[in-house]
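Here is the structure we will look at, set down as structure tokens.
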Amino acid sequence: MKREFPEGFWWGSATSSTQLEGAASEGGKGKNIWDHWYEVEPGRFFDGVGPEQTSGFYHRYREDIALMKEIGHNTYRFSISWSRLIPGGEGPVNEEAATFYGNVIDELLKQGIEPFVTLYHFDMPKEMQDQGGFENRRVAEAFARYAKVCFERYGDRVKKWFTFNEPIVPVEGGYLYDFHYPNIVDGKKASQVAYHTMIASALAISEYRKVGDGKIGIILNLTPSYPRSEHPADVKASNIADLFFNRSFLDPSVLGEYPQELIDLLVAHDHLPAVREGDRDLLKQNTIDLLGVNYYQPRRVKAKEHLPNPEAPFMPEWFFDHYEMPGRKMNPYRGWEIYEKGIYDIMMNLKENYGNIESFVSENGMGVQDEGRFEQDGMIHDDYRIDFIKGHLEWLHTAIEEGCQAKGYHLWTFMDNWSWMNAYKNRYGFYQVDLDTMERKPKKSAHWFKEVSTQNGF
Ligand code: BGP
């Protein structure tokens with residue numbers, strides 16, 4: 001059966017500045033928390049490889065954008081680095097960086113590729129983190145000023161903006177589970193950081209409303225939560241996981257208010273963040289136009305088997321246990337579950353409970369360790385990735401047929417790039433990158449994707 005997508009469907013891929021640009025200490029860039037963390041604890045990074053050694057887009061963006069064009073991209077999502085544009089996070093603009101991002105945008109437009117710009121992808125400027133990061137409301141305000149600079153400089157050419165990429169991840173990683181800087185475990189701080197990130201997003205949107213004539217949104221990693229059974233205790237556990245990991249940002253971003261159940265739960269455990277008078281209106285008046293959905297894997301949940309230790313730090317896992325569903329399909333090259341229908345469930349949820357907001361898949365992808373083993377005659381034969389993308393696109397197509405407003409699909413990622421603590425362990429790109437020569441070579445999936453985007457379906 002031919003799957004044809006609506007006219008104008010967005011075909012492309014997504015990246016982030018820290019993971020792609022390289023040149024971490026060139027061009028007047030300030031340090032972000034990744035540069036800093038690598039400096040102080042290089043041993044925590046896979047193979048000891050840090051953000052300086054990323055794929056070199058800063059110097060090769062022209063060639064790279066030509067490669068995007070080559071495989072049929074009509075859209076491309078990248079992020080601006082706050083610490084490159086405004087070193088330290090506040091103060092004068094680094095004109096060299098401003099020229100770089102302006103050139104990237106112009107080059108994309110010249111090639112007929114629409115830029116989708118994320119303002120923050122896990123990369124807090126070091127000096128802002130020294131002030132407490134988003135624990136400190138001042139930093140949320142500084143973020144809105146940085147956002148304003150971006151709108152003023154590039155708003156004439158960029159018509160799709162995103163305040164944050166996966167805002168829950170720095171909260172989880174930095175304040176609960178120890179995989180992002182400042183790697184502490186403190187539920188109260190986690191709650192405050194999550195809240196101020198949401199405030200920062202709303203403040204940036206309010207700036208955009210004054211000057212912008214395009215669309216502004218947020219990118220959320222939605223992990224649909226599935227209970228082990230229909231038993232009320234499992235369902236309750238799954239709903240609580242959904243509150244923490246999805247609705248904590250989805251509800252305020254789209255509906256302009258937090259779910260009452262989440263507020264009640266935080267009140268009951270004395271974990272409500274400090275709020276200011278007027279915040280309720282700020283959130284209500286600054287909801288998004290467009291939602292990016294990052295989807296990798298679902299969350300499977302069951303009721304708690306043992307009561308949490310009240311002495312242990314507060315965790316979302318006080319309320320549910322994770323559950324490994326027997327027979328689930330796994331990515332054998334990375335160990336994440338593959339559940340293609342999840343994308344359909346997310347879209348139907350947006351249709352039914354979130355006013356059918358305009359959305360798109362802003363990340364979906366398959367990480368593979370030691371991918372070189374699939375190279376034959378100079379090309380990586382990543383048929384597994386083609387199957388992965390196809391499976392998700394089929395369900396996305398079904399959702400569209402059933403009335404969802406899903407407007408596009410972006411693979412994570414354009415070319416193999418550095419990934420946080422995992423560095424180059426898992427490869428995701430359409431293009432293979434040789435880290436010694438920096439040569440880019442299309443994988444089989446790149447050729448396949450070109451056909452799909454050219455025919456607007458498969
Ligand atoms: C998302 C992030 C990306 C990217 C991707 C793959 O959560 O937005 O930055 O890294 O996940 O995950 P990983 O690199 O950990 O395999």
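Residues in the structure tokens are named by chain (A, B, ... in the order shown) and by number from 1 within that chain; ligands are numbered from 1 in the order shown.
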
Could you list, as a ChimeraX atom specification, all protein and nucleic acid residues with an atom at most 8 Å from ligand 1, counting only C-alpha atoms and all ligand atoms?
/A:15-16,19,121-122,165-166,169,221,294,296,363,365,367,412,418-423,426-428

Do you know which residues are at most 9 Å from Val158 in chain A counting only C-alpha atoms, after dropping those on the same chain fewer than 5 positions away, and could you put them as an mmCIF file with C-alpha atoms, in the first residue's frame?
data_model
loop_
_atom_site.group_PDB
_atom_site.id
_atom_site.type_symbol
_atom_site.label_atom_id
_atom_site.label_comp_id
_atom_site.auth_asym_id
_atom_site.auth_seq_id
_atom_site.Cartn_x
_atom_site.Cartn_y
_atom_site.Cartn_z
ATOM 1 C CA ILE A 105 20.285 30.303 7.845
ATOM 2 C CA GLU A 114 13.477 25.777 5.825
ATOM 3 C CA PRO A 115 15.376 26.384 9.088
ATOM 4 C CA PHE A 116 13.716 25.213 12.315
ATOM 5 C CA VAL A 117 15.638 26.804 15.161
ATOM 6 C CA PHE A 151 14.261 36.862 17.123
ATOM 7 C CA GLY A 214 6.058 33.005 12.374
#

Name the residues in contact with range 402-411 of chain A at a cut-off of 9 Å, using only C-alpha atoms, excluding same-chain residues fewer than 2 positions from it; report them as a PDB file with N, CA and C atoms, in the first residue's frame.
ATOM      1  N   PHE A   5       2.011  11.257   1.829  1.00  0.00           N
ATOM      2  CA  PHE A   5       1.871  12.237   2.909  1.00  0.00           C
ATOM      3  C   PHE A   5       1.281  13.537   2.378  1.00  0.00           C
ATOM      4  N   PRO A   6       0.678  14.337   3.248  1.00  0.00           N
ATOM      5  CA  PRO A   6       0.059  15.586   2.781  1.00  0.00           C
ATOM      6  C   PRO A   6       1.072  16.493   2.079  1.00  0.00           C
ATOM      7  N   GLY A   8       3.454  19.326   1.071  1.00  0.00           N
ATOM      8  CA  GLY A   8       4.236  20.248   1.912  1.00  0.00           C
ATOM      9  C   GLY A   8       4.774  19.601   3.173  1.00  0.00           C
ATOM     10  N   PHE A   9       4.672  18.280   3.291  1.00  0.00           N
ATOM     11  CA  PHE A   9       5.168  17.571   4.479  1.00  0.00           C
ATOM     12  C   PHE A   9       6.652  17.896   4.694  1.00  0.00           C
ATOM     13  N   TRP A  10       7.044  18.075   5.965  1.00  0.00           N
ATOM     14  CA  TRP A  10       8.434  18.460   6.268  1.00  0.00           C
ATOM     15  C   TRP A  10       9.292  17.209   6.401  1.00  0.00           C
ATOM     16  N   TRP A  11      10.237  17.059   5.494  1.00  0.00           N
ATOM     17  CA  TRP A  11      11.176  15.934   5.532  1.00  0.00           C
ATOM     18  C   TRP A  11      12.550  16.482   5.890  1.00  0.00           C
ATOM     19  N   GLY A  12      13.141  15.953   6.949  1.00  0.00           N
ATOM     20  CA  GLY A  12      14.459  16.478   7.310  1.00  0.00           C
ATOM     21  C   GLY A  12      15.074  15.729   8.464  1.00  0.00           C
ATOM     22  N   SER A  13      15.967  16.413   9.139  1.00  0.00           N
ATOM     23  CA  SER A  13      16.619  15.800  10.297  1.00  0.00           C
ATOM     24  C   SER A  13      16.912  16.881  11.331  1.00  0.00           C
ATOM     25  N   ALA A  14      17.343  16.435  12.497  1.00  0.00           N
ATOM     26  CA  ALA A  14      17.581  17.363  13.612  1.00  0.00           C
ATOM     27  C   ALA A  14      18.987  17.176  14.156  1.00  0.00           C
ATOM     28  N   THR A  75      13.448  20.697   5.196  1.00  0.00           N
ATOM     29  CA  THR A  75      13.498  21.376   6.496  1.00  0.00           C
ATOM     30  C   THR A  75      14.687  20.791   7.271  1.00  0.00           C
ATOM     31  N   TYR A  76      15.167  21.562   8.239  1.00  0.00           N
ATOM     32  CA  TYR A  76      16.296  21.086   9.047  1.00  0.00           C
ATOM     33  C   TYR A  76      16.232  21.796  10.397  1.00  0.00           C
ATOM     34  N   ARG A  77      16.316  21.004  11.476  1.00  0.00           N
ATOM     35  CA  ARG A  77      16.290  21.617  12.807  1.00  0.00           C
ATOM     36  C   ARG A  77      17.692  21.603  13.410  1.00  0.00           C
ATOM     37  N   MET A 347       0.158  11.002  18.904  1.00  0.00           N
ATOM     38  CA  MET A 347      -0.574  11.935  18.032  1.00  0.00           C
ATOM     39  C   MET A 347      -2.071  11.930  18.352  1.00  0.00           C
ATOM     40  N   MET A 348      -2.617  10.748  18.640  1.00  0.00           N
ATOM     41  CA  MET A 348      -4.052  10.684  18.958  1.00  0.00           C
ATOM     42  C   MET A 348      -4.333  11.393  20.290  1.00  0.00           C
ATOM     43  N   LEU A 350      -2.675  13.957  21.358  1.00  0.00           N
ATOM     44  CA  LEU A 350      -2.644  15.399  21.061  1.00  0.00           C
ATOM     45  C   LEU A 350      -3.963  15.816  20.416  1.00  0.00           C
ATOM     46  N   LYS A 351      -4.482  14.939  19.575  1.00  0.00           N
ATOM     47  CA  LYS A 351      -5.747  15.271  18.895  1.00  0.00           C
ATOM     48  C   LYS A 351      -6.899  15.338  19.907  1.00  0.00           C
ATOM     49  N   ASN A 356      -5.831  19.136  19.251  1.00  0.00           N
ATOM     50  CA  ASN A 356      -5.246  18.757  17.950  1.00  0.00           C
ATOM     51  C   ASN A 356      -4.216  19.790  17.495  1.00  0.00           C
ATOM     52  N   ILE A 357      -3.328  20.130  18.390  1.00  0.00           N
ATOM     53  CA  ILE A 357      -2.299  21.133  18.086  1.00  0.00           C
ATOM     54  C   ILE A 357      -1.438  20.690  16.896  1.00  0.00           C
ATOM     55  N   GLU A 358      -1.026  21.660  16.102  1.00  0.00           N
ATOM     56  CA  GLU A 358      -0.132  21.365  14.982  1.00  0.00           C
ATOM     57  C   GLU A 358       1.184  20.809  15.550  1.00  0.00           C
ATOM     58  N   SER A 359       1.639  19.711  14.980  1.00  0.00           N
ATOM     59  CA  SER A 359       2.828  19.069  15.533  1.00  0.00           C
ATOM     60  C   SER A 359       3.659  18.453  14.415  1.00  0.00           C
ATOM     61  N   PHE A 360       4.791  17.907  14.780  1.00  0.00           N
ATOM     62  CA  PHE A 360       5.594  17.118  13.848  1.00  0.00           C
ATOM     63  C   PHE A 360       6.538  16.251  14.662  1.00  0.00           C
ATOM     64  N   VAL A 361       7.064  15.227  14.029  1.00  0.00           N
ATOM     65  CA  VAL A 361       8.065  14.414  14.718  1.00  0.00           C
ATOM     66  C   VAL A 361       9.385  15.162  14.565  1.00  0.00           C
ATOM     67  N   SER A 362       9.895  15.651  15.686  1.00  0.00           N
ATOM     68  CA  SER A 362      11.096  16.481  15.642  1.00  0.00           C
ATOM     69  C   SER A 362      12.360  15.662  15.894  1.00  0.00           C
ATOM     70  N   GLU A 363      12.208  14.460  16.426  1.00  0.00           N
ATOM     71  CA  GLU A 363      13.309  13.486  16.539  1.00  0.00           C
ATOM     72  C   GLU A 363      12.709  12.104  16.639  1.00  0.00           C
ATOM     73  N   ASN A 364      13.355  11.186  15.946  1.00  0.00           N
ATOM     74  CA  ASN A 364      13.052   9.763  16.058  1.00  0.00           C
ATOM     75  C   ASN A 364      14.269   9.122  15.415  1.00  0.00           C
ATOM     76  N   GLY A 365      14.774   8.072  16.013  1.00  0.00           N
ATOM     77  CA  GLY A 365      15.982   7.544  15.404  1.00  0.00           C
ATOM     78  C   GLY A 365      16.468   6.297  16.112  1.00  0.00           C
ATOM     79  N   MET A 366      17.451   5.679  15.482  1.00  0.00           N
ATOM     80  CA  MET A 366      17.932   4.396  15.973  1.00  0.00           C
ATOM     81  C   MET A 366      19.441   4.461  16.164  1.00  0.00           C
ATOM     82  N   ILE A 389      12.523   3.567  10.503  1.00  0.00           N
ATOM     83  CA  ILE A 389      11.871   4.815  10.075  1.00  0.00           C
ATOM     84  C   ILE A 389      10.526   4.482   9.424  1.00  0.00           C
ATOM     85  N   LEU A 393       6.888   5.809  10.340  1.00  0.00           N
ATOM     86  CA  LEU A 393       6.152   6.633   9.355  1.00  0.00           C
ATOM     87  C   LEU A 393       4.786   6.024   9.037  1.00  0.00           C
ATOM     88  N   LEU A 396       2.559   7.053  11.721  1.00  0.00           N
ATOM     89  CA  LEU A 396       2.335   8.498  11.648  1.00  0.00           C
ATOM     90  C   LEU A 396       1.310   8.792  10.552  1.00  0.00           C
ATOM     91  N   HIS A 397       1.451   8.078   9.463  1.00  0.00           N
ATOM     92  CA  HIS A 397       0.528   8.249   8.341  1.00  0.00           C
ATOM     93  C   HIS A 397      -0.903   7.891   8.758  1.00  0.00           C
ATOM     94  N   THR A 398      -1.020   6.797   9.502  1.00  0.00           N
ATOM     95  CA  THR A 398      -2.356   6.389   9.974  1.00  0.00           C
ATOM     96  C   THR A 398      -2.948   7.495  10.852  1.00  0.00           C
ATOM     97  N   ALA A 399      -2.118   8.059  11.713  1.00  0.00           N
ATOM     98  CA  ALA A 399      -2.606   9.138  12.590  1.00  0.00           C
ATOM     99  C   ALA A 399      -3.088  10.327  11.743  1.00  0.00           C
ATOM    100  N   ILE A 400      -2.351  10.629  10.700  1.00  0.00           N
ATOM    101  CA  ILE A 400      -2.750  11.757   9.838  1.00  0.00           C
ATOM    102  C   ILE A 400      -4.082  11.438   9.160  1.00  0.00           C
ATOM    103  N   THR A 413      19.680  11.486  13.340  1.00  0.00           N
ATOM    104  CA  THR A 413      20.152  12.809  13.107  1.00  0.00           C
ATOM    105  C   THR A 413      20.724  12.894  11.702  1.00  0.00           C
ATOM    106  N   PHE A 414      21.162  14.067  11.329  1.00  0.00           N
ATOM    107  CA  PHE A 414      21.664  14.255   9.966  1.00  0.00           C
ATOM    108  C   PHE A 414      22.948  13.439   9.712  1.00  0.00           C
ATOM    109  N   TYR A 428      23.789   7.465  14.734  1.00  0.00           N
ATOM    110  CA  TYR A 428      22.388   7.678  14.362  1.00  0.00           C
ATOM    111  C   TYR A 428      22.198   8.250  12.961  1.00  0.00           C
ATOM    112  N   GLY A 429      23.279   8.740  12.323  1.00  0.00           N
ATOM    113  CA  GLY A 429      23.111   9.639  11.181  1.00  0.00           C
ATOM    114  C   GLY A 429      22.692   9.007   9.874  1.00  0.00           C
ATOM    115  N   PHE A 430      22.173   9.847   8.981  1.00  0.00           N
ATOM    116  CA  PHE A 430      22.008   9.463   7.581  1.00  0.00           C
ATOM    117  C   PHE A 430      23.389   9.365   6.930  1.00  0.00           C
TER     118      PHE A 430
END

Residues within 10 Å of Ser55 in chain A, please, as number ranges by chain. Count only C-alpha atoms; anything in the same chain fewer than 6 positions from it doesn't count.
A: 18-23, 415-418, 433-435, 438-440

Report as a list in words all protein, DNA and RNA residues lying within 12 Å of Met1 in chain A, evaluated on only C-alpha atoms, omitting residues in the same chain fewer than 5 positions from it.
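Close residues of Met1 in chain A: Glu394, His397, Gly457 and Phe458 of chain A.
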
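Ranking A:Phe134, A:Tyr181, A:Tyr120, A:Trp448 by their shortest atom-to-atom distance to Phe162 in chain A, with only C-alpha atoms included, puts A:Tyr120 first.
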
Go through A:Leu222, A:Ala144, A:Ala200, A:Val139 and flag the residue nearest Gly88 in chain A, using only C-alpha atoms for the distances.
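So, comparing all the options, the nearest one is A:Val139.
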
Coordinates-based distance that separates CA of Lys425 in chain A from CA of Trp37 in chain A (Å, one decimal)
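That distance, rounded to one decimal, is 18.5 Å.
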
If you count only C-alpha atoms, which residues fall within 12 Å of Trp336 in chain A, apart from same-chain ones fewer than 2 positions away, as a ChimeraX atom specification?
/A:295-299,324,328-334,338-339,365-368,426

Per DSSP on the backbone, what are the strand (DSSP E) residues of range 296-444 of chain A, as a PyMOL selection string?
chain A and resi 299-302+321-322+358-363+368-369+375-376+379-380+406-412+426-427+431-433+440-442

Based on the selection just made, write C-alpha atoms of those residues as a short mmCIF file (atom, residue, chain, number, x, y, z; two decimals), in the first residue's frame.
data_model
loop_
_atom_site.label_atom_id
_atom_site.label_comp_id
_atom_site.auth_asym_id
_atom_site.auth_seq_id
_atom_site.Cartn_x
_atom_site.Cartn_y
_atom_site.Cartn_z
CA ARG A 299 7.63 3.84 29.16
CA ARG A 300 6.21 0.60 30.60
CA VAL A 301 5.06 0.88 34.13
CA LYS A 302 3.61 -1.21 36.94
CA ASP A 321 8.11 0.64 39.01
CA HIS A 322 9.49 0.16 35.52
CA GLU A 358 -0.13 21.36 14.98
CA SER A 359 2.83 19.07 15.53
CA PHE A 360 5.59 17.12 13.85
CA VAL A 361 8.07 14.41 14.72
CA SER A 362 11.10 16.48 15.64
CA GLU A 363 13.31 13.49 16.54
CA VAL A 368 23.65 1.64 16.73
CA GLN A 369 26.90 0.67 18.42
CA GLU A 375 29.90 -1.38 6.04
CA GLN A 376 30.22 -3.13 2.68
CA MET A 379 28.64 2.07 2.41
CA ILE A 380 26.87 1.29 5.68
CA ALA A 406 1.23 16.00 12.10
CA LYS A 407 3.17 18.06 9.59
CA GLY A 408 6.56 16.43 9.29
CA TYR A 409 9.24 13.94 10.22
CA HIS A 410 12.81 14.72 11.30
CA LEU A 411 15.27 11.93 11.88
CA TRP A 412 17.77 12.09 14.69
CA ASN A 426 25.86 5.12 19.25
CA ARG A 427 25.64 6.22 15.63
CA TYR A 431 25.67 10.19 6.93
CA GLN A 432 28.54 8.22 8.36
CA VAL A 433 31.36 10.40 9.66
CA ARG A 440 30.96 12.19 5.30
CA LYS A 441 29.49 9.23 3.42
CA PRO A 442 25.79 8.58 2.88
#

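Residue nearest Tyr354 in chain A within the list A:Glu277, A:Leu255, A:Pro326, A:Lys390: A:Leu255 [criterion: smallest interatomic distance, only C-alpha atoms].
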
Based on DSSP run over this structure's backbone, return all residues of range 54-297 of chain A in alpha helix (DSSP H), as a PyMOL selection string.
chain A and resi 57-70+82-85+95-110+126-130+137-154+168-175+187-211+232-242+248-250+260-268+279-285

Which residue of A:Pro316, A:Leu176, A:Thr54, A:Asp47 approaches Asp35 in chain A most closely, using only C-alpha atoms
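Distance minimum relative to Asp35 in chain A lands on A:Thr54.
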
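Within 9 Å of range 26-32 of chain A there are Thr18, Gly22, His36, Trp37, Ser81, Trp82, Ser83, Arg84, Leu85, Ile86, Pro87, Gly88, Gly89, Asn94, Glu95, Glu96, Ala97, Asp123, Met124, Pro125, Lys126, Glu127, Met128 and Gln129 of chain A, counting only C-alpha atoms and ignoring same-chain residues fewer than 4 positions away.
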
Would you mind exporting the chosen residues as a PDB file, in the first residue's frame, restricted to C-alpha atoms?
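Output file part38.pdb is given in full below:
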ATOM      1  CA  THR A  18      27.018  21.154  21.074  1.00  0.00           C
ATOM      2  CA  GLY A  22      32.820  21.386  17.133  1.00  0.00           C
ATOM      3  CA  HIS A  36      33.118  22.638  31.686  1.00  0.00           C
ATOM      4  CA  TRP A  37      32.102  19.157  32.789  1.00  0.00           C
ATOM      5  CA  SER A  81      24.363  27.897  21.125  1.00  0.00           C
ATOM      6  CA  TRP A  82      23.551  30.478  23.795  1.00  0.00           C
ATOM      7  CA  SER A  83      27.169  30.492  24.995  1.00  0.00           C
ATOM      8  CA  ARG A  84      28.447  31.036  21.450  1.00  0.00           C
ATOM      9  CA  LEU A  85      26.070  33.880  20.647  1.00  0.00           C
ATOM     10  CA  ILE A  86      26.300  35.583  24.038  1.00  0.00           C
ATOM     11  CA  PRO A  87      29.379  34.308  25.871  1.00  0.00           C
ATOM     12  CA  GLY A  88      28.601  34.063  29.558  1.00  0.00           C
ATOM     13  CA  GLY A  89      24.866  34.163  28.778  1.00  0.00           C
ATOM     14  CA  ASN A  94      29.561  37.780  19.823  1.00  0.00           C
ATOM     15  CA  GLU A  95      29.383  39.145  16.286  1.00  0.00           C
ATOM     16  CA  GLU A  96      31.400  36.289  14.836  1.00  0.00           C
ATOM     17  CA  ALA A  97      28.819  33.838  16.134  1.00  0.00           C
ATOM     18  CA  ASP A 123      23.613  23.749  26.798  1.00  0.00           C
ATOM     19  CA  MET A 124      23.505  26.131  29.743  1.00  0.00           C
ATOM     20  CA  PRO A 125      26.310  28.717  29.640  1.00  0.00           C
ATOM     21  CA  LYS A 126      28.761  27.924  32.416  1.00  0.00           C
ATOM     22  CA  GLU A 127      28.407  31.366  34.052  1.00  0.00           C
ATOM     23  CA  MET A 128      24.631  30.964  34.132  1.00  0.00           C
ATOM     24  CA  GLN A 129      25.015  27.566  35.788  1.00  0.00           C
TER      25      GLN A 129
END

Counting only C-alpha atoms, which of A:Val193, A:Met325, A:Leu203, A:Ala274 gets nearest to Pro227 in chain A?
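The shortest atom-to-atom distance to Pro227 in chain A comes from A:Met325.
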
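Closest to Pro313 in chain A among A:Phe449, A:Tyr61, A:Tyr177, A:Phe100 is A:Tyr177, based on only C-alpha atoms.
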
Atom pair CA of Ile216 in chain A / CA of Cys150 in chain A: separation (Å)
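So the answer is 12.5 Å.
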
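Going from CA of Ala147 in chain A over to CA of Ser253 in chain A, you cover 16.8 Å.
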